[in-house]
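Content type PDB, C-alpha atoms, from the file work.pdb:
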```pdb
MODEL        1
ATOM      1  CA  GLU S 272      70.912  13.921  -3.774
ATOM      2  CA  SER S 273      69.845  14.500  -0.181
ATOM      3  CA  ARG S 274      69.508  10.789   0.529
ATOM      4  CA  ALA S 275      72.861  10.096  -1.131
ATOM      5  CA  LEU S 276      74.579  12.707   1.032
ATOM      6  CA  SER S 277      72.805  11.376   4.117
ATOM      7  CA  SER S 278      74.122   7.870   3.486
ATOM      8  CA  MET S 279      77.660   9.278   3.585
ATOM      9  CA  VAL S 280      77.183  10.857   7.017
ATOM     10  CA  THR S 281      77.865   8.675  10.046
ATOM     11  CA  PRO S 282      75.289   8.477  12.856
ATOM     12  CA  LEU S 283      77.699  10.393  15.089
ATOM     13  CA  GLU S 284      78.078  13.186  12.517
ATOM     14  CA  ARG S 285      74.309  13.290  12.001
ATOM     15  CA  GLN S 286      73.791  13.574  15.754
ATOM     16  CA  ALA S 287      76.424  16.324  15.952
ATOM     17  CA  LEU S 288      74.739  18.436  13.253
ATOM     18  CA  GLN S 289      71.371  18.132  14.961
ATOM     19  CA  ALA S 290      72.866  18.870  18.393
ATOM     20  CA  ILE S 291      74.725  21.941  17.120
ATOM     21  CA  LEU S 292      71.512  23.396  15.716
ATOM     22  CA  PHE S 293      69.743  22.790  19.037
ATOM     23  CA  ARG S 294      72.524  24.415  21.078
ATOM     24  CA  LEU S 295      72.824  27.404  18.745
ATOM     25  CA  LEU S 296      69.156  28.232  19.208
ATOM     26  CA  GLN S 297      69.352  27.593  22.957
ATOM     27  CA  LEU S 298      72.113  30.201  23.149
ATOM     28  CA  GLY S 299      70.175  32.648  21.021
ATOM     29  CA  TYR S 300      72.273  32.411  17.870
ATOM     30  CA  GLU S 301      70.632  32.224  14.448
ATOM     31  CA  PRO S 302      72.195  29.491  12.269
ATOM     32  CA  THR S 303      73.324  30.554   8.807
ATOM     33  CA  ASP S 304      71.498  29.514   5.655
ATOM     34  CA  GLY S 305      74.549  27.450   4.742
ATOM     35  CA  PHE S 306      74.437  25.495   7.984
ATOM     36  CA  LEU S 307      70.704  24.852   7.623
ATOM     37  CA  GLU S 308      71.173  23.635   4.031
ATOM     38  CA  THR S 309      74.013  21.338   5.110
ATOM     39  CA  LEU S 310      71.867  19.917   7.887
ATOM     40  CA  SER S 311      68.914  19.468   5.549
ATOM     41  CA  ASN S 312      70.973  17.744   2.849
ATOM     42  CA  CYS S 313      72.954  15.500   5.173
ATOM     43  CA  VAL S 314      70.376  14.376   7.715
ATOM     44  CA  ASP S 315      67.732  11.827   6.770
ATOM     45  CA  VAL S 316      64.651  12.539   8.905
ATOM     46  CA  SER S 317      63.730   8.852   8.956
ATOM     47  CA  LEU S 318      66.985   8.104  10.807
ATOM     48  CA  LEU S 319      66.410  10.595  13.622
ATOM     49  CA  SER S 320      65.348   9.296  17.033
ATOM     50  CA  PRO S 321      62.150  10.633  18.641
ATOM     51  CA  ARG S 322      64.243  12.842  20.945
ATOM     52  CA  GLN S 323      66.193  14.208  17.981
ATOM     53  CA  ILE S 324      62.945  14.895  16.135
ATOM     54  CA  ALA S 325      61.637  16.808  19.153
ATOM     55  CA  ASP S 326      64.843  18.816  19.608
ATOM     56  CA  THR S 327      65.206  19.605  15.908
ATOM     57  CA  LEU S 328      61.581  20.711  15.569
ATOM     58  CA  TRP S 329      61.967  22.920  18.628
ATOM     59  CA  ALA S 330      65.120  24.481  17.174
ATOM     60  CA  ILE S 331      63.634  25.056  13.702
ATOM     61  CA  ALA S 332      60.575  26.669  15.288
ATOM     62  CA  LYS S 333      62.810  29.089  17.216
ATOM     63  CA  ILE S 334      64.382  30.499  14.029
ATOM     64  CA  GLU S 335      62.907  33.955  13.664
ATOM     65  CA  ARG S 336      63.610  34.620   9.999
ATOM     66  CA  ASP S 337      61.719  33.012   7.119
ATOM     67  CA  VAL S 338      63.700  30.066   5.726
ATOM     68  CA  SER S 339      60.919  28.683   3.531
ATOM     69  CA  GLY S 340      62.706  29.994   0.461
ATOM     70  CA  LEU S 341      65.512  27.502   1.012
ATOM     71  CA  SER S 342      64.119  24.505  -0.865
ATOM     72  CA  SER S 343      66.236  21.865   0.874
ATOM     73  CA  VAL S 344      65.368  23.296   4.295
ATOM     74  CA  SER S 345      61.674  23.467   3.420
ATOM     75  CA  THR S 346      61.735  19.814   2.348
ATOM     76  CA  PHE S 347      63.550  18.867   5.557
ATOM     77  CA  VAL S 348      61.061  20.709   7.755
ATOM     78  CA  ASN S 349      58.121  19.125   5.930
ATOM     79  CA  GLY S 350      59.702  15.746   6.585
ATOM     80  CA  LEU S 351      59.976  16.534  10.291
ATOM     81  CA  LEU S 352      56.372  17.703  10.448
ATOM     82  CA  THR S 353      55.164  14.582   8.643
ATOM     83  CA  ARG S 354      57.080  12.172  10.875
ATOM     84  CA  ALA S 355      56.579  13.918  14.212
ATOM     85  CA  PRO S 356      52.906  12.951  14.775
ATOM     86  CA  ARG S 357      53.670   9.288  14.081
ATOM     87  CA  LEU S 358      56.016   9.142  17.087
ATOM     88  CA  HIS S 359      53.472  10.355  19.655
ATOM     89  CA  ASP S 360      53.929   7.277  21.854
ATOM     90  CA  ARG S 361      57.735   7.315  21.761
ATOM     91  CA  TYR S 362      58.545  10.818  22.969
ATOM     92  CA  LEU S 363      59.842  11.531  26.442
ATOM     93  CA  LEU S 364      57.168  12.919  28.730
ATOM     94  CA  ARG S 365      58.430  16.516  28.539
ATOM     95  CA  ASP S 366      58.848  16.377  24.755
ATOM     96  CA  VAL S 367      55.153  15.927  23.931
ATOM     97  CA  PRO S 368      54.088  19.520  24.740
ATOM     98  CA  ASP S 369      57.259  20.837  23.084
ATOM     99  CA  VAL S 370      56.531  18.962  19.853
ATOM    100  CA  LEU S 371      52.990  20.347  19.772
ATOM    101  CA  SER S 372      54.314  23.819  20.545
ATOM    102  CA  ALA S 373      56.872  23.612  17.725
ATOM    103  CA  MET S 374      54.242  22.491  15.231
ATOM    104  CA  ALA S 375      52.051  25.387  16.362
ATOM    105  CA  ARG S 376      54.891  27.888  15.880
ATOM    106  CA  LEU S 377      55.483  26.469  12.403
ATOM    107  CA  GLU S 378      51.748  26.851  11.694
ATOM    108  CA  HIS S 379      51.362  23.163  10.956
ATOM    109  CA  ARG S 380      47.760  22.096  11.347
ATOM    110  CA  LEU S 381      47.021  18.582  12.594
ATOM    111  CA  SER S 382      44.076  16.465  11.537
ATOM    112  CA  GLN S 383      41.807  14.981  14.191
ATOM    113  CA  GLY S 384      43.437  11.623  13.592
ATOM    114  CA  GLU S 385      46.864  13.139  14.245
ATOM    115  CA  ILE S 386      45.971  15.232  17.307
ATOM    116  CA  GLN S 387      43.902  12.601  19.154
ATOM    117  CA  PRO S 388      46.889  10.348  19.998
ATOM    118  CA  PHE S 389      48.572  13.396  21.533
ATOM    119  CA  PHE S 390      45.441  14.032  23.611
ATOM    120  CA  ASP S 391      45.495  10.407  24.766
ATOM    121  CA  ARG S 392      49.174  10.608  25.647
ATOM    122  CA  ILE S 393      48.775  13.860  27.591
ATOM    123  CA  THR S 394      45.781  12.452  29.474
ATOM    124  CA  VAL S 395      48.001   9.662  30.785
ATOM    125  CA  ASP S 396      51.102  11.800  31.385
ATOM    126  CA  ALA S 397      49.489  14.913  32.876
ATOM    127  CA  LYS S 398      49.700  13.662  36.457
ATOM    128  CA  ARG S 399      53.503  13.871  36.174
ATOM    129  CA  TYR S 400      53.681  17.219  34.365
ATOM    130  CA  ALA S 401      55.538  20.180  35.785
ATOM    131  CA  SER S 402      54.093  23.666  35.464
ATOM    132  CA  THR S 403      56.006  24.304  32.228
ATOM    133  CA  GLU S 404      54.447  21.298  30.492
ATOM    134  CA  ILE S 405      50.968  22.350  31.630
ATOM    135  CA  ALA S 406      51.299  25.902  30.311
ATOM    136  CA  THR S 407      52.987  24.776  27.102
ATOM    137  CA  SER S 408      50.221  22.254  26.389
ATOM    138  CA  PHE S 409      47.477  24.847  26.727
ATOM    139  CA  TRP S 410      49.447  27.383  24.659
ATOM    140  CA  ALA S 411      49.962  24.818  21.887
ATOM    141  CA  PHE S 412      46.275  23.887  21.832
ATOM    142  CA  ALA S 413      45.337  27.555  21.528
ATOM    143  CA  LYS S 414      47.810  28.289  18.730
ATOM    144  CA  LEU S 415      46.785  25.114  16.886
ATOM    145  CA  GLU S 416      43.152  26.144  17.430
ATOM    146  CA  VAL S 417      42.173  22.720  18.756
ATOM    147  CA  GLU S 418      40.093  22.113  21.852
ATOM    148  CA  PRO S 419      41.332  19.161  23.932
ATOM    149  CA  ASP S 420      38.852  16.406  24.605
ATOM    150  CA  LEU S 421      37.168  16.271  28.002
ATOM    151  CA  TYR S 422      39.547  13.630  29.402
ATOM    152  CA  THR S 423      42.638  15.620  28.440
ATOM    153  CA  LEU S 424      41.196  18.888  29.685
ATOM    154  CA  ASP S 425      40.214  17.308  33.003
ATOM    155  CA  ALA S 426      43.645  15.726  33.492
ATOM    156  CA  LEU S 427      45.482  18.984  32.743
ATOM    157  CA  GLN S 428      43.215  21.117  34.921
ATOM    158  CA  LYS S 429      43.504  18.725  37.864
ATOM    159  CA  ARG S 430      47.278  18.698  37.618
ATOM    160  CA  ALA S 431      47.428  22.483  37.207
ATOM    161  CA  THR S 432      45.322  22.927  40.345
ATOM    162  CA  VAL S 433      47.537  20.565  42.341
ATOM    163  CA  ILE S 434      50.751  22.356  41.351
ATOM    164  CA  SER S 435      49.274  25.855  41.074
ATOM    165  CA  GLY S 436      51.830  27.129  43.567
ATOM    166  CA  GLN S 437      54.539  26.457  40.955
ATOM    167  CA  LEU S 438      52.863  28.539  38.258
ATOM    168  CA  THR S 439      54.532  31.847  37.451
ATOM    169  CA  PRO S 440      52.413  34.909  36.622
ATOM    170  CA  GLU S 441      53.454  34.493  32.979
ATOM    171  CA  MET S 442      52.316  30.854  32.923
ATOM    172  CA  ALA S 443      49.007  31.749  34.521
ATOM    173  CA  LYS S 444      48.412  34.505  31.979
ATOM    174  CA  VAL S 445      49.264  32.133  29.115
ATOM    175  CA  MET S 446      46.727  29.626  30.417
ATOM    176  CA  MET S 447      43.963  32.200  30.816
ATOM    177  CA  TRP S 448      44.694  33.532  27.322
ATOM    178  CA  SER S 449      44.554  29.962  25.978
ATOM    179  CA  PHE S 450      41.187  29.282  27.621
ATOM    180  CA  ALA S 451      39.755  32.402  25.993
ATOM    181  CA  ARG S 452      41.320  31.638  22.618
ATOM    182  CA  ILE S 453      39.713  28.199  22.294
ATOM    183  CA  ASP S 454      36.574  29.019  24.311
ATOM    184  CA  ILE S 455      37.199  26.787  27.326
ATOM    185  CA  ASP S 456      35.300  27.367  30.572
ATOM    186  CA  PRO S 457      37.956  26.383  33.140
ATOM    187  CA  ASP S 458      37.328  24.850  36.537
ATOM    188  CA  ARG S 459      36.463  27.446  39.188
ATOM    189  CA  ARG S 460      39.206  26.308  41.566
ATOM    190  CA  LEU S 461      41.787  26.576  38.816
ATOM    191  CA  VAL S 462      40.617  30.087  37.901
ATOM    192  CA  MET S 463      41.052  31.135  41.530
ATOM    193  CA  ALA S 464      44.555  29.662  41.574
ATOM    194  CA  LEU S 465      45.480  31.363  38.299
ATOM    195  CA  ASN S 466      44.161  34.727  39.498
ATOM    196  CA  LYS S 467      46.289  34.342  42.601
ATOM    197  CA  ALA S 468      49.351  33.548  40.491
ATOM    198  CA  MET S 469      48.687  36.558  38.263
ATOM    199  CA  SER S 470      48.419  38.925  41.207
ATOM    200  CA  ALA S 471      52.167  39.442  40.954
ATOM    201  CA  LYS S 472      53.563  41.701  38.207
ATOM    202  CA  VAL S 473      53.598  40.031  34.773
ATOM    203  CA  ASN S 474      56.849  40.869  33.026
ATOM    204  CA  ASP S 475      56.013  39.966  29.441
ATOM    205  CA  PRO S 476      52.791  40.005  27.410
ATOM    206  CA  VAL S 477      51.424  36.818  25.918
ATOM    207  CA  ASP S 478      52.490  36.272  22.321
ATOM    208  CA  GLU S 479      49.242  36.389  20.432
TER     209      GLU S 479
ENDMDL
END
```

Write out the structure in this file as structure tokens.
Amino acid sequence: ESRALSSMVTPLERQALQAILFRLLQLGYEPTDGFLETLSNCVDVSLLSPRQIADTLWAIAKIERDVSGLSSVSTFVNGLLTRAPRLHDRYLLRDVPDVLSAMARLEHRLSQGEIQPFFDRITVDAKRYASTEIATSFWAFAKLEVEPDLYTLDALQKRATVISGQLTPEMAKVMMWSFARIDIDPDRRLVMALNKAMSAKVNDPVDE
């Protein structure tokens, strides 16, 4: 039934449904069960672009209430989580940490074979990361309970040290929490930079 409904929806309509969900969550509004069921029944995950996959996963992960009881939505989310790792090399640079973060929020565990391509991608991309991508990457690793390989860890720490002046106290605290969570011994220079960033008042606690 879902695939039949999806075939009746034009690409523009499919894009509109996905975009509406993304904007609703950006603005802090919780979509209704009816909207989520319509989206799930009308949108074929295999037809979504990598950017749409990233945005939709991010939006679903932001929903605070439990929607697992909605069978069509649960099937849709499982489809997103199955397809997302396969697109690791096609995401925009800033989408890679967000995809990992969304999967972590949805408590989706990745196998070594699934997480390693993300490590490889981040190792290459890290030199262009902004502070948000750095902090999000470490947070995602901690929530997923995976320790990045040495190449990925080195690339992220080097970039974090270079742009440490852009790190907010909240970002610095997230990174230190992440290091402790997955038992990483960070570079001494980075620790000094993070301690400096945290010297200002931290507004919000880390979500453990």

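Checking S:Val367, S:Leu341, S:Leu296, S:Met442 one by one against Arg392 (chain S), counting all atoms listed in the file, you find the shortest gap at S:Val367.
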
Box along x, y and z, 8 Å on every side, all listed atoms of region 322-325 of chain S inside: centre and edge lengths in Å to one decimal, as lines of an AutoDock Vina configuration file.
```
center_x = 63.9
center_y = 14.8
center_z = 18.5
size_x = 20.6
size_y = 20.0
size_z = 20.8
```

(request) Evaluate the PyMOL selection byres ((chain S and resi 429-432) around 9) here and jot the selected residues down as a list of chain:residue names. (result) S:Ala397, S:Lys398, S:Arg399, S:Tyr400, S:Ala401, S:Ser402, S:Ile405, S:Ala406, S:Leu424, S:Asp425, S:Ala426, S:Leu427, S:Gln428, S:Val433, S:Ile434, S:Ser435, S:Gly436, S:Gln437, S:Leu438, S:Asp458, S:Arg460, S:Leu461, S:Val462, S:Ala464, S:Leu465

(request) May I ask which of the residues S:Val417, S:Ile334, S:Val348, S:Val314 is the closest one to Glu301 (chain S), counting all atoms listed in the file? (result) S:Ile334

(request) Measuring atom to atom with all atoms listed in the file, identify which of S:Thr439, S:Asp360, S:Asp454, S:Val344 is nearest to Lys467 (chain S). (result) S:Thr439

(message) Taking the file as I've supplied it (selection: the PyMOL selection byres ((chain S and resi 388-390) around 12)), which residues are included? Please answer as a PyMOL selection string.
(response) chain S and resi 355-362+364+366-372+381-387+391-397+408-409+411-412+417-427

(message) For Gly350 (chain S), find every residue with an atom within 9 Å (counting only C-alpha atoms), except residues of its own chain fewer than 3 positions away, and show them as a PyMOL selection string.
(response) chain S and resi 315-317+345-347+353-355

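When CA of Leu328 (chain S) is paired with CA of Ala413 (chain S), their separation reads 18.6 Å.
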
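Our summary of the geometry notes that CA of Leu318 (chain S) is positioned 23.1 Å from CA of Gln297 (chain S).
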
(message) Please compute the CA of Glu335 (chain S)-CA of His379 (chain S) distance, one decimal, in Å.
(response)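 Between CA of Glu335 (chain S) and CA of His379 (chain S) the gap is 16.0 Å.
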
(request) For the structure provided, state which residues fall under the PyMOL selection byres ((chain S and resi 326) around 9), and present them as a ChimeraX atom specification. (result) /S:289-290,292-293,321-325,327-331,366,369-370

(request) Find the residues near Ser343 (chain S): any atom within 7 Å, counting only C-alpha atoms, skip ones fewer than 5 places away on the same chain, and give them as a ChimeraX atom specification. (result) /S:308,311-312

(request) Counting all atoms listed in the file, figure out which residue out of S:Ile291, S:Leu377, S:Leu352, S:Leu415 gets nearest to Asp337 (chain S). (result)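 The answer is S:Leu377, which sits nearest to Asp337 (chain S).
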